[in-house]
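As structure tokens, the structure follows; a few thoughts come after it.
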Amino acid sequence: MTTMHSQGHSQGHAQGHSQAQDRPVLVDLDEATCWELMATAGIGRLVWVDADGPVAVPVNIAVSDGAVVVRTAAYSAMAREVDDSRVALEVDDLDHETRTGWSVLVRGVARVLFEPAPEDAPTAWPTGSKSATVRVRPTKVTGRRLAPPR
């Protein structure tokens, strides 16, 4: 009995090893590649902490002059809560079929400016006034790619 169990275990282990070789590989991205990918994304999630804890909001983004730019309503929770605060912005692109994709995380300080939309501002999908610009100046930019197996 022990021998059969041992052989079955070995075969299962070999099969699992083969399947692991067919799985995507996680690769760290350099900062330049992170910026290139963010410039193509158009959408991300801005994260900050309010009195109730972490908040993550999907936003339209643009990359400009070493910062990430978001437009929002002047009366929004985002405009009220993120000015001069530490925030994170996550951007990604995933392919569920191939189980590949990438993710970039920007950590930095947000600054809210009440101004007409600058030329580098993204176009927000929702209707309504977007009279506030949030600029996230990064302190750290990291990213990873889930690449096909080699």
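Please note that chains go A, B, ... in the order of the structure tokens, that every chain numbers its residues from 1, and that ligands are numbered from 1 in the order shown.
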
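Residues in contact with His96 (chain A) at 12 Å, where only C-alpha atoms are counted and same-chain residues fewer than 5 positions away are skipped, are listed as Pro24, Gly101, Trp102 and Leu146 of chain A.
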
I want to know what sits within 10 Å of Cys34 (chain A), based on only C-alpha atoms, with residues of the same chain fewer than 5 positions away left out; could you give that as a count of residues only? 14

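Of the residues under consideration (A:Glu115, A:Val109, A:Thr72, A:Asp22), A:Val109 shows the shortest atom-to-atom contact distance to Pro138 (chain A) when counting only C-alpha atoms.
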
Residues near Ile61 (chain A), cut-off 7 Å, only C-alpha atoms, skip fewer than 5 positions along chain, as an mmCIF file with all heavy atoms, in the first residue's frame:
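For reference, part33.cif as written:
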data_model
loop_
_atom_site.group_PDB
_atom_site.id
_atom_site.type_symbol
_atom_site.label_atom_id
_atom_site.label_comp_id
_atom_site.auth_asym_id
_atom_site.auth_seq_id
_atom_site.Cartn_x
_atom_site.Cartn_y
_atom_site.Cartn_z
ATOM 1 N N GLY A 42 -5.370 54.941 -19.228
ATOM 2 C CA GLY A 42 -6.589 55.745 -19.249
ATOM 3 C C GLY A 42 -7.452 55.631 -18.005
ATOM 4 O O GLY A 42 -8.209 56.533 -17.691
ATOM 5 N N ILE A 43 -7.372 54.494 -17.304
ATOM 6 C CA ILE A 43 -8.189 54.287 -16.108
ATOM 7 C C ILE A 43 -7.340 53.663 -15.016
ATOM 8 O O ILE A 43 -6.504 52.808 -15.286
ATOM 9 C CB ILE A 43 -9.383 53.357 -16.395
ATOM 10 C CG1 ILE A 43 -10.300 53.988 -17.433
ATOM 11 C CG2 ILE A 43 -10.173 53.057 -15.118
ATOM 12 C CD1 ILE A 43 -11.431 53.087 -17.859
ATOM 13 N N GLY A 44 -7.568 54.107 -13.788
ATOM 14 C CA GLY A 44 -6.889 53.530 -12.630
ATOM 15 C C GLY A 44 -7.791 53.628 -11.426
ATOM 16 O O GLY A 44 -8.964 53.992 -11.542
ATOM 17 N N VAL A 68 0.687 61.879 -12.181
ATOM 18 C CA VAL A 68 -0.558 61.315 -12.679
ATOM 19 C C VAL A 68 -1.642 62.344 -12.405
ATOM 20 O O VAL A 68 -1.729 62.896 -11.301
ATOM 21 C CB VAL A 68 -0.891 59.975 -12.002
ATOM 22 C CG1 VAL A 68 -2.187 59.406 -12.555
ATOM 23 C CG2 VAL A 68 0.253 58.981 -12.185
ATOM 24 N N VAL A 69 -2.472 62.619 -13.426
ATOM 25 C CA VAL A 69 -3.481 63.672 -13.344
ATOM 26 C C VAL A 69 -4.880 63.059 -13.402
ATOM 27 O O VAL A 69 -5.139 62.175 -14.218
ATOM 28 C CB VAL A 69 -3.322 64.667 -14.516
ATOM 29 C CG1 VAL A 69 -4.355 65.779 -14.438
ATOM 30 C CG2 VAL A 69 -1.911 65.234 -14.543
ATOM 31 N N VAL A 70 -5.749 63.551 -12.507
ATOM 32 C CA VAL A 70 -7.137 63.103 -12.425
ATOM 33 C C VAL A 70 -8.002 64.353 -12.355
ATOM 34 O O VAL A 70 -7.626 65.334 -11.707
ATOM 35 C CB VAL A 70 -7.355 62.253 -11.148
ATOM 36 C CG1 VAL A 70 -8.810 61.896 -10.961
ATOM 37 C CG2 VAL A 70 -6.471 61.025 -11.163
ATOM 38 N N PRO A 122 -7.129 64.328 -18.189
ATOM 39 C CA PRO A 122 -7.892 63.280 -18.863
ATOM 40 C C PRO A 122 -9.340 63.721 -19.046
ATOM 41 O O PRO A 122 -9.815 64.620 -18.348
ATOM 42 C CB PRO A 122 -7.816 62.105 -17.891
ATOM 43 C CG PRO A 122 -7.686 62.755 -16.556
ATOM 44 C CD PRO A 122 -6.864 63.986 -16.798
#

May I have the residues within 7 Å of Ala88 (chain A) as a list in words, using only C-alpha atoms and disregarding those fewer than 4 positions away in the same chain? Leu46, Val47, Trp48, Leu105, Val106, Arg107 and Gly108 of chain A

Create the file for the chosen residues now, containing all heavy atoms and written as a PDB file, in the first residue's frame.
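Done, and the output landed in out-v8.pdb:
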ATOM      1  N   LEU A  46      -7.729  55.376  -7.624  1.00  0.00           N
ATOM      2  CA  LEU A  46      -7.070  56.241  -6.653  1.00  0.00           C
ATOM      3  C   LEU A  46      -7.475  55.770  -5.262  1.00  0.00           C
ATOM      4  O   LEU A  46      -8.664  55.544  -4.997  1.00  0.00           O
ATOM      5  CB  LEU A  46      -7.471  57.704  -6.857  1.00  0.00           C
ATOM      6  CG  LEU A  46      -6.718  58.706  -5.996  1.00  0.00           C
ATOM      7  CD1 LEU A  46      -5.236  58.750  -6.379  1.00  0.00           C
ATOM      8  CD2 LEU A  46      -7.330  60.093  -6.125  1.00  0.00           C
ATOM      9  N   VAL A  47      -6.480  55.612  -4.387  1.00  0.00           N
ATOM     10  CA  VAL A  47      -6.728  55.068  -3.048  1.00  0.00           C
ATOM     11  C   VAL A  47      -6.222  56.061  -2.007  1.00  0.00           C
ATOM     12  O   VAL A  47      -5.102  56.560  -2.107  1.00  0.00           O
ATOM     13  CB  VAL A  47      -5.990  53.713  -2.874  1.00  0.00           C
ATOM     14  CG1 VAL A  47      -6.256  53.137  -1.491  1.00  0.00           C
ATOM     15  CG2 VAL A  47      -6.383  52.737  -3.972  1.00  0.00           C
ATOM     16  N   TRP A  48      -7.052  56.313  -1.012  1.00  0.00           N
ATOM     17  CA  TRP A  48      -6.654  57.141   0.118  1.00  0.00           C
ATOM     18  C   TRP A  48      -7.348  56.586   1.360  1.00  0.00           C
ATOM     19  O   TRP A  48      -8.154  55.668   1.271  1.00  0.00           O
ATOM     20  CB  TRP A  48      -6.991  58.617  -0.101  1.00  0.00           C
ATOM     21  CG  TRP A  48      -8.451  58.953  -0.114  1.00  0.00           C
ATOM     22  CD1 TRP A  48      -9.213  59.338   0.952  1.00  0.00           C
ATOM     23  CD2 TRP A  48      -9.336  58.953  -1.246  1.00  0.00           C
ATOM     24  NE1 TRP A  48     -10.514  59.573   0.557  1.00  0.00           N
ATOM     25  CE2 TRP A  48     -10.607  59.343  -0.788  1.00  0.00           C
ATOM     26  CE3 TRP A  48      -9.181  58.666  -2.589  1.00  0.00           C
ATOM     27  CZ2 TRP A  48     -11.717  59.448  -1.629  1.00  0.00           C
ATOM     28  CZ3 TRP A  48     -10.268  58.755  -3.431  1.00  0.00           C
ATOM     29  CH2 TRP A  48     -11.518  59.149  -2.958  1.00  0.00           C
ATOM     30  N   LEU A 105       1.798  50.358  -9.505  1.00  0.00           N
ATOM     31  CA  LEU A 105       1.377  51.025  -8.279  1.00  0.00           C
ATOM     32  C   LEU A 105       2.206  52.288  -8.091  1.00  0.00           C
ATOM     33  O   LEU A 105       3.433  52.229  -8.055  1.00  0.00           O
ATOM     34  CB  LEU A 105       1.558  50.101  -7.069  1.00  0.00           C
ATOM     35  CG  LEU A 105       1.170  50.691  -5.714  1.00  0.00           C
ATOM     36  CD1 LEU A 105      -0.329  51.001  -5.668  1.00  0.00           C
ATOM     37  CD2 LEU A 105       1.552  49.739  -4.594  1.00  0.00           C
ATOM     38  N   VAL A 106       1.510  53.410  -8.001  1.00  0.00           N
ATOM     39  CA  VAL A 106       2.153  54.702  -7.747  1.00  0.00           C
ATOM     40  C   VAL A 106       1.789  55.103  -6.326  1.00  0.00           C
ATOM     41  O   VAL A 106       0.616  55.145  -5.969  1.00  0.00           O
ATOM     42  CB  VAL A 106       1.641  55.778  -8.729  1.00  0.00           C
ATOM     43  CG1 VAL A 106       2.217  57.141  -8.380  1.00  0.00           C
ATOM     44  CG2 VAL A 106       1.945  55.391 -10.157  1.00  0.00           C
ATOM     45  N   ARG A 107       2.797  55.395  -5.530  1.00  0.00           N
ATOM     46  CA  ARG A 107       2.574  55.946  -4.191  1.00  0.00           C
ATOM     47  C   ARG A 107       3.126  57.359  -4.207  1.00  0.00           C
ATOM     48  O   ARG A 107       4.206  57.594  -4.737  1.00  0.00           O
ATOM     49  CB  ARG A 107       3.293  55.116  -3.141  1.00  0.00           C
ATOM     50  CG  ARG A 107       2.775  53.717  -3.063  1.00  0.00           C
ATOM     51  CD  ARG A 107       3.577  52.916  -2.099  1.00  0.00           C
ATOM     52  NE  ARG A 107       3.445  51.511  -2.406  1.00  0.00           N
ATOM     53  CZ  ARG A 107       3.777  50.553  -1.577  1.00  0.00           C
ATOM     54  NH1 ARG A 107       4.276  50.836  -0.407  1.00  0.00           N
ATOM     55  NH2 ARG A 107       3.618  49.306  -1.928  1.00  0.00           N
ATOM     56  N   GLY A 108       2.369  58.278  -3.630  1.00  0.00           N
ATOM     57  CA  GLY A 108       2.839  59.652  -3.648  1.00  0.00           C
ATOM     58  C   GLY A 108       1.939  60.568  -2.862  1.00  0.00           C
ATOM     59  O   GLY A 108       1.138  60.129  -2.038  1.00  0.00           O
TER      60      GLY A 108
END

Selected residue of minimal separation from Arg135 (chain A) among A:Asp92, A:Pro54, A:Thr33, A:Asp120, counting only C-alpha atoms: A:Asp120

Name the residues of region 9-135 of chain A that fall into strand (DSSP E or B) according to DSSP on the backbone, using the chain letters and numbers of this document, as a PyMOL selection string. chain A and resi 25-29+43-50+53-60+62-64+67-72+85-95+100-114+132-135

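We find CA of Ser131 (chain A) and CA of Phe114 (chain A) to be spaced 6.0 Å apart.
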
Of the candidates A:Ala147, A:Val87, A:Leu113, A:Leu26, which shows the shortest atom-to-atom distance to Arg45 (chain A), using only C-alpha atoms? A:Val87

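Using only C-alpha atoms, the nearest neighbour of Thr98 (chain A) within the list A:Glu36, A:Pro149, A:Ala67, A:Thr139 is A:Pro149.
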